[in-house]
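See below for the structure under consideration.
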Amino acid sequence: MSWFKRDESEYESDPGGNGATDAGRRQVRTEGLWTKCMGCRQTIWKADLEANLNVCPKCQHHFKIGARERIALLLDPGYELVDTGLRSTDPLKFTDVKPYKKRLRAAQEATGLDDAILNAVGQLGPHSVVLSAMEYGFIGGSMGAVVGETIARAADRARIGRKPLIVVAASGGARMMEGVVSLMQMAKISTALAQLGDARVPYISVLTDPTTGGVTASFAMLGDLNIAEPGALIGFAGPRVIEQTIRQKLPEGFQRSEFLLEKGFLDAVVHRRELKPYISRALDFLKTPNPSS
């Protein structure tokens with residue numbers, strides 16, 4: 001590709017024209033403006049990707065998005081973040097390659113969140129809802145004591161206020177650094193959701209890529225309506241672990257949302273741009289009844 005090479009003499013001098021070379025100025029101006037799609041392997045202009053809700057305009061691959069972006073996508077402007085300020089206390093004083101406390105600090109600095117979850121109260125079209133969105137960028141969206149408590153609070157808030165609950169899952173499962181404390185969150189959240197169901201308040205679960213482990217085994221599959229984004233990895237154990245256990249080759253697309261929809265584990269697979277109107281329409285049918293009626 002000789003035609004692509006630059007003439008080095010063009011950059012031998014600094015912008016001031018004094019002839020001094022400056023290697024630090026030799027930077028590619030477009031660095032960070034492009035990204036590669038993991039679906040079609042094509043290079044995408046980031047501005048086009050963001051304008052398309054972080055969905056590849058060529059193959060429709062859904063990129064991961066953070067909890068803040070998820071809330072902004074689903075709720076109308078003017079929503080309120082609630083149940084903030086909860087942080088893990090490192091109950092086991094866990095250390096592997098590095099202390100758990102250091103992992104927490106690094107994740108908090110990288111994401112600007114206290115843990116892998118955000119709760120918000122606001123409007124989704126005509127519906128006043130409670131929304132919990134998980135942050136995969138915070139230690140893989142793992143579920144520890146803080147995530148469990150925050151989602152349980154969201155369920156209680158929805159039950160008391162008689163507002164539909166929406167939980168957007170994006171997680172690698174229970175957080176191993178908190179051991180049995182993290183596993184207890186499965187029962188804790190499930191109990192809060194059972195109380196929500198007894199009160200006949202709708203709960204919609206949105207599963208995104210990935211939703212695995214104890215999150216799938218608890219609240220992610222307990223919705224009155226379970227919906228997922230296209231191509232999302234959803235399951236308990238990973239495909240490799242399952243293949244090694246059963247000693248059989250798994251079907252193509254196993255544990256992807258389309259496969260699970262076909263087998264009846266999901267109610268719908270919804271494109272990201274259709275997610276908000278779809279949930280709004282679903283809530284029209286799942287209206288919270290008046291307790292006096």
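Residues are named by chain letter and number: chains run A, B, ... in the order of the structure tokens, numbers start at 1 in each chain, and ligands are numbered from 1 in the order shown.
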
Need the shell around A:Gly172: protein/DNA/RNA residues with any atom at most 6 Å away, counting only C-alpha atoms. Skip same-chain ones fewer than 2 positions apart. Format as JSON, numbers by chain? {"A": [140, 142, 212]}

Which residues come within 10 Å of A:Ser190, counting only C-alpha atoms, excluding same-chain residues fewer than 4 positions away, as a list of chain:residue names?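 Final neighbour list, sorted by chain and number: A:Gly148, A:Ile151, A:Ala152, A:Ala155, A:Gln185, A:Met186, A:Ala194, A:Gln195, A:Leu196, A:Ala217, A:Ser218, A:Phe219, A:Ala220, A:Leu222.
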
Extract, using only C-alpha atoms, all DNA, RNA and protein residues at most 8 Å from A:Phe138, discarding same-chain residues fewer than 3 positions from it, and format them as a list in words. Ala107, Gln108, Thr111, Asp115, Ala116, Glu135, Gly141 and Ser142 of chain A

Sel. of alpha helix (DSSP H) residues, stretch 58-225 of chain A, as a ChimeraX atom specification: /A:67-74,100-111,145-161,179-198,213-216

Using the selection just defined, write its residues with C-alpha atoms as a short mmCIF file (atom, residue, chain, number, x, y, z; two decimals), in the first residue's frame.
data_model
loop_
_atom_site.label_atom_id
_atom_site.label_comp_id
_atom_site.auth_asym_id
_atom_site.auth_seq_id
_atom_site.Cartn_x
_atom_site.Cartn_y
_atom_site.Cartn_z
CA ALA A 67 -26.44 2.68 33.34
CA ARG A 68 -26.69 6.45 32.85
CA GLU A 69 -27.18 6.05 29.10
CA ARG A 70 -29.76 3.36 29.70
CA ILE A 71 -31.79 5.57 32.03
CA ALA A 72 -31.61 8.50 29.62
CA LEU A 73 -32.75 6.19 26.81
CA LEU A 74 -35.83 4.91 28.62
CA TYR A 100 -11.13 -6.07 46.70
CA LYS A 101 -11.07 -2.55 48.14
CA LYS A 102 -8.64 -1.50 45.41
CA ARG A 103 -10.89 -3.03 42.75
CA LEU A 104 -13.82 -1.10 44.16
CA ARG A 105 -11.93 2.20 44.17
CA ALA A 106 -10.74 1.65 40.60
CA ALA A 107 -14.27 0.85 39.42
CA GLN A 108 -15.72 3.84 41.25
CA GLU A 109 -13.17 6.17 39.68
CA ALA A 110 -13.66 4.69 36.21
CA THR A 111 -17.48 4.81 36.22
CA ALA A 145 -24.70 -6.58 48.66
CA VAL A 146 -25.10 -3.04 47.32
CA VAL A 147 -26.70 -4.17 44.06
CA GLY A 148 -29.05 -6.47 45.97
CA GLU A 149 -30.06 -3.77 48.44
CA THR A 150 -30.54 -1.17 45.70
CA ILE A 151 -32.81 -3.38 43.59
CA ALA A 152 -34.74 -4.47 46.69
CA ARG A 153 -35.26 -0.79 47.52
CA ALA A 154 -36.48 -0.17 43.98
CA ALA A 155 -38.99 -3.01 44.35
CA ASP A 156 -40.20 -1.63 47.69
CA ARG A 157 -40.44 1.87 46.23
CA ALA A 158 -42.48 0.54 43.31
CA ARG A 159 -44.79 -1.42 45.63
CA ILE A 160 -45.39 1.44 48.04
CA GLY A 161 -45.86 4.02 45.29
CA GLY A 179 -18.98 -14.81 48.73
CA VAL A 180 -22.20 -16.00 50.33
CA VAL A 181 -23.24 -12.38 50.96
CA SER A 182 -23.66 -11.91 47.21
CA LEU A 183 -25.56 -15.20 46.84
CA MET A 184 -28.00 -14.09 49.54
CA GLN A 185 -29.03 -11.20 47.29
CA MET A 186 -30.76 -13.68 44.97
CA ALA A 187 -33.27 -14.60 47.69
CA LYS A 188 -33.47 -11.03 48.97
CA ILE A 189 -34.45 -9.55 45.61
CA SER A 190 -36.74 -12.46 44.74
CA THR A 191 -38.62 -11.95 48.02
CA ALA A 192 -39.08 -8.23 47.30
CA LEU A 193 -40.37 -9.09 43.80
CA ALA A 194 -42.77 -11.65 45.24
CA GLN A 195 -44.22 -8.94 47.48
CA LEU A 196 -44.46 -6.69 44.42
CA GLY A 197 -46.36 -9.43 42.61
CA ASP A 198 -48.72 -9.93 45.55
CA GLY A 213 -24.99 -16.32 36.59
CA GLY A 214 -26.99 -15.51 39.70
CA VAL A 215 -28.65 -12.52 38.07
CA THR A 216 -30.26 -14.76 35.45
#

Kindly give the distance, in Å, that separates atom CA of A:Gly39 and atom CA of A:Pro230, rounded to a single decimal.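 Those two atoms sit 11.6 Å apart.
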
Mind the document's chain letters and residue numbers, and return as a PDB file with N, CA, C and O atoms, in the first residue's frame the residues of stretch 14-177 of chain A that DSSP labels strand (DSSP E).
ATOM      1  N   TRP A  34     -13.069   6.428  15.651  1.00  0.00           N
ATOM      2  CA  TRP A  34     -13.600   5.242  15.005  1.00  0.00           C
ATOM      3  C   TRP A  34     -13.628   4.081  15.991  1.00  0.00           C
ATOM      4  O   TRP A  34     -12.888   4.059  16.958  1.00  0.00           O
ATOM      5  N   THR A  35     -14.493   3.123  15.727  1.00  0.00           N
ATOM      6  CA  THR A  35     -14.535   1.901  16.529  1.00  0.00           C
ATOM      7  C   THR A  35     -14.869   0.729  15.627  1.00  0.00           C
ATOM      8  O   THR A  35     -15.442   0.916  14.539  1.00  0.00           O
ATOM      9  N   LYS A  36     -14.510  -0.463  16.046  1.00  0.00           N
ATOM     10  CA  LYS A  36     -14.774  -1.656  15.243  1.00  0.00           C
ATOM     11  C   LYS A  36     -15.964  -2.410  15.810  1.00  0.00           C
ATOM     12  O   LYS A  36     -16.052  -2.643  17.010  1.00  0.00           O
ATOM     13  N   THR A  43     -15.424  -1.035  10.444  1.00  0.00           N
ATOM     14  CA  THR A  43     -15.062   0.167  11.180  1.00  0.00           C
ATOM     15  C   THR A  43     -16.189   1.188  11.071  1.00  0.00           C
ATOM     16  O   THR A  43     -16.697   1.447   9.977  1.00  0.00           O
ATOM     17  N   ILE A  44     -16.557   1.751  12.222  1.00  0.00           N
ATOM     18  CA  ILE A  44     -17.713   2.652  12.273  1.00  0.00           C
ATOM     19  C   ILE A  44     -17.270   4.005  12.825  1.00  0.00           C
ATOM     20  O   ILE A  44     -16.506   4.079  13.795  1.00  0.00           O
ATOM     21  N   TRP A  45     -17.741   5.059  12.221  1.00  0.00           N
ATOM     22  CA  TRP A  45     -17.549   6.417  12.726  1.00  0.00           C
ATOM     23  C   TRP A  45     -18.332   6.555  14.026  1.00  0.00           C
ATOM     24  O   TRP A  45     -19.527   6.294  14.073  1.00  0.00           O
ATOM     25  N   GLU A  80     -35.365  11.488  38.314  1.00  0.00           N
ATOM     26  CA  GLU A  80     -34.580  11.700  39.541  1.00  0.00           C
ATOM     27  C   GLU A  80     -33.860  10.410  39.928  1.00  0.00           C
ATOM     28  O   GLU A  80     -34.462   9.345  39.985  1.00  0.00           O
ATOM     29  N   LEU A  81     -32.555  10.529  40.176  1.00  0.00           N
ATOM     30  CA  LEU A  81     -31.793   9.387  40.677  1.00  0.00           C
ATOM     31  C   LEU A  81     -32.046   9.249  42.176  1.00  0.00           C
ATOM     32  O   LEU A  81     -31.997  10.234  42.912  1.00  0.00           O
ATOM     33  N   VAL A  82     -32.300   8.028  42.618  1.00  0.00           N
ATOM     34  CA  VAL A  82     -32.623   7.781  44.027  1.00  0.00           C
ATOM     35  C   VAL A  82     -31.786   6.611  44.552  1.00  0.00           C
ATOM     36  O   VAL A  82     -31.136   5.902  43.795  1.00  0.00           O
ATOM     37  N   ILE A 117     -25.012  -0.310  39.893  1.00  0.00           N
ATOM     38  CA  ILE A 117     -26.463  -0.143  39.771  1.00  0.00           C
ATOM     39  C   ILE A 117     -26.834   1.320  39.951  1.00  0.00           C
ATOM     40  O   ILE A 117     -26.171   2.057  40.684  1.00  0.00           O
ATOM     41  N   LEU A 118     -27.883   1.739  39.267  1.00  0.00           N
ATOM     42  CA  LEU A 118     -28.469   3.063  39.461  1.00  0.00           C
ATOM     43  C   LEU A 118     -29.983   2.918  39.501  1.00  0.00           C
ATOM     44  O   LEU A 118     -30.565   2.208  38.662  1.00  0.00           O
ATOM     45  N   ASN A 119     -30.624   3.581  40.451  1.00  0.00           N
ATOM     46  CA  ASN A 119     -32.081   3.646  40.529  1.00  0.00           C
ATOM     47  C   ASN A 119     -32.552   5.031  40.117  1.00  0.00           C
ATOM     48  O   ASN A 119     -31.915   6.035  40.449  1.00  0.00           O
ATOM     49  N   ALA A 120     -33.667   5.071  39.427  1.00  0.00           N
ATOM     50  CA  ALA A 120     -34.242   6.353  39.019  1.00  0.00           C
ATOM     51  C   ALA A 120     -35.764   6.269  39.063  1.00  0.00           C
ATOM     52  O   ALA A 120     -36.346   5.189  38.881  1.00  0.00           O
ATOM     53  N   VAL A 121     -36.380   7.403  39.304  1.00  0.00           N
ATOM     54  CA  VAL A 121     -37.840   7.528  39.271  1.00  0.00           C
ATOM     55  C   VAL A 121     -38.176   8.591  38.243  1.00  0.00           C
ATOM     56  O   VAL A 121     -37.583   9.679  38.241  1.00  0.00           O
ATOM     57  N   GLY A 122     -39.093   8.288  37.343  1.00  0.00           N
ATOM     58  CA  GLY A 122     -39.436   9.265  36.317  1.00  0.00           C
ATOM     59  C   GLY A 122     -40.576   8.785  35.445  1.00  0.00           C
ATOM     60  O   GLY A 122     -41.269   7.808  35.770  1.00  0.00           O
ATOM     61  N   GLN A 123     -40.709   9.453  34.306  1.00  0.00           N
ATOM     62  CA  GLN A 123     -41.785   9.151  33.381  1.00  0.00           C
ATOM     63  C   GLN A 123     -41.258   8.374  32.176  1.00  0.00           C
ATOM     64  O   GLN A 123     -40.235   8.743  31.596  1.00  0.00           O
ATOM     65  N   LEU A 124     -41.943   7.314  31.845  1.00  0.00           N
ATOM     66  CA  LEU A 124     -41.703   6.600  30.598  1.00  0.00           C
ATOM     67  C   LEU A 124     -42.965   6.791  29.767  1.00  0.00           C
ATOM     68  O   LEU A 124     -43.937   6.060  29.936  1.00  0.00           O
ATOM     69  N   HIS A 127     -46.387   6.906  31.697  1.00  0.00           N
ATOM     70  CA  HIS A 127     -46.318   6.059  32.887  1.00  0.00           C
ATOM     71  C   HIS A 127     -45.234   6.545  33.852  1.00  0.00           C
ATOM     72  O   HIS A 127     -44.087   6.762  33.451  1.00  0.00           O
ATOM     73  N   SER A 128     -45.596   6.675  35.104  1.00  0.00           N
ATOM     74  CA  SER A 128     -44.628   6.969  36.156  1.00  0.00           C
ATOM     75  C   SER A 128     -44.049   5.642  36.631  1.00  0.00           C
ATOM     76  O   SER A 128     -44.792   4.760  37.075  1.00  0.00           O
ATOM     77  N   VAL A 129     -42.718   5.480  36.527  1.00  0.00           N
ATOM     78  CA  VAL A 129     -42.104   4.180  36.789  1.00  0.00           C
ATOM     79  C   VAL A 129     -40.899   4.319  37.713  1.00  0.00           C
ATOM     80  O   VAL A 129     -40.361   5.408  37.924  1.00  0.00           O
ATOM     81  N   VAL A 130     -40.479   3.176  38.249  1.00  0.00           N
ATOM     82  CA  VAL A 130     -39.220   3.039  38.969  1.00  0.00           C
ATOM     83  C   VAL A 130     -38.304   2.194  38.091  1.00  0.00           C
ATOM     84  O   VAL A 130     -38.702   1.118  37.635  1.00  0.00           O
ATOM     85  N   LEU A 131     -37.103   2.690  37.852  1.00  0.00           N
ATOM     86  CA  LEU A 131     -36.178   2.008  36.938  1.00  0.00           C
ATOM     87  C   LEU A 131     -34.857   1.722  37.641  1.00  0.00           C
ATOM     88  O   LEU A 131     -34.260   2.613  38.253  1.00  0.00           O
ATOM     89  N   SER A 132     -34.390   0.475  37.541  1.00  0.00           N
ATOM     90  CA  SER A 132     -33.048   0.085  37.999  1.00  0.00           C
ATOM     91  C   SER A 132     -32.248  -0.317  36.777  1.00  0.00           C
ATOM     92  O   SER A 132     -32.699  -1.167  36.005  1.00  0.00           O
ATOM     93  N   ALA A 133     -31.065   0.258  36.608  1.00  0.00           N
ATOM     94  CA  ALA A 133     -30.211  -0.074  35.468  1.00  0.00           C
ATOM     95  C   ALA A 133     -28.846  -0.492  35.982  1.00  0.00           C
ATOM     96  O   ALA A 133     -28.223   0.215  36.785  1.00  0.00           O
ATOM     97  N   MET A 134     -28.357  -1.639  35.525  1.00  0.00           N
ATOM     98  CA  MET A 134     -27.064  -2.156  35.962  1.00  0.00           C
ATOM     99  C   MET A 134     -25.951  -1.606  35.081  1.00  0.00           C
ATOM    100  O   MET A 134     -26.156  -1.326  33.896  1.00  0.00           O
ATOM    101  N   LEU A 165     -42.267  -1.413  37.974  1.00  0.00           N
ATOM    102  CA  LEU A 165     -40.817  -1.544  38.143  1.00  0.00           C
ATOM    103  C   LEU A 165     -40.209  -2.096  36.863  1.00  0.00           C
ATOM    104  O   LEU A 165     -40.706  -3.066  36.294  1.00  0.00           O
ATOM    105  N   ILE A 166     -39.121  -1.459  36.427  1.00  0.00           N
ATOM    106  CA  ILE A 166     -38.358  -1.933  35.278  1.00  0.00           C
ATOM    107  C   ILE A 166     -36.917  -2.126  35.729  1.00  0.00           C
ATOM    108  O   ILE A 166     -36.317  -1.212  36.293  1.00  0.00           O
ATOM    109  N   VAL A 167     -36.364  -3.310  35.503  1.00  0.00           N
ATOM    110  CA  VAL A 167     -34.968  -3.580  35.834  1.00  0.00           C
ATOM    111  C   VAL A 167     -34.238  -3.967  34.555  1.00  0.00           C
ATOM    112  O   VAL A 167     -34.664  -4.891  33.852  1.00  0.00           O
ATOM    113  N   VAL A 168     -33.161  -3.245  34.255  1.00  0.00           N
ATOM    114  CA  VAL A 168     -32.337  -3.545  33.092  1.00  0.00           C
ATOM    115  C   VAL A 168     -31.097  -4.275  33.584  1.00  0.00           C
ATOM    116  O   VAL A 168     -30.259  -3.708  34.287  1.00  0.00           O
ATOM    117  N   ALA A 169     -30.982  -5.554  33.230  1.00  0.00           N
ATOM    118  CA  ALA A 169     -29.879  -6.385  33.704  1.00  0.00           C
ATOM    119  C   ALA A 169     -28.733  -6.387  32.699  1.00  0.00           C
ATOM    120  O   ALA A 169     -28.938  -6.495  31.497  1.00  0.00           O
ATOM    121  N   ALA A 170     -27.516  -6.251  33.227  1.00  0.00           N
ATOM    122  CA  ALA A 170     -26.289  -6.387  32.440  1.00  0.00           C
ATOM    123  C   ALA A 170     -25.223  -6.831  33.423  1.00  0.00           C
ATOM    124  O   ALA A 170     -24.647  -6.016  34.132  1.00  0.00           O
ATOM    125  N   SER A 171     -24.969  -8.139  33.502  1.00  0.00           N
ATOM    126  CA  SER A 171     -24.161  -8.629  34.609  1.00  0.00           C
ATOM    127  C   SER A 171     -23.505  -9.961  34.297  1.00  0.00           C
ATOM    128  O   SER A 171     -24.053 -10.789  33.560  1.00  0.00           O
TER     129      SER A 171
END
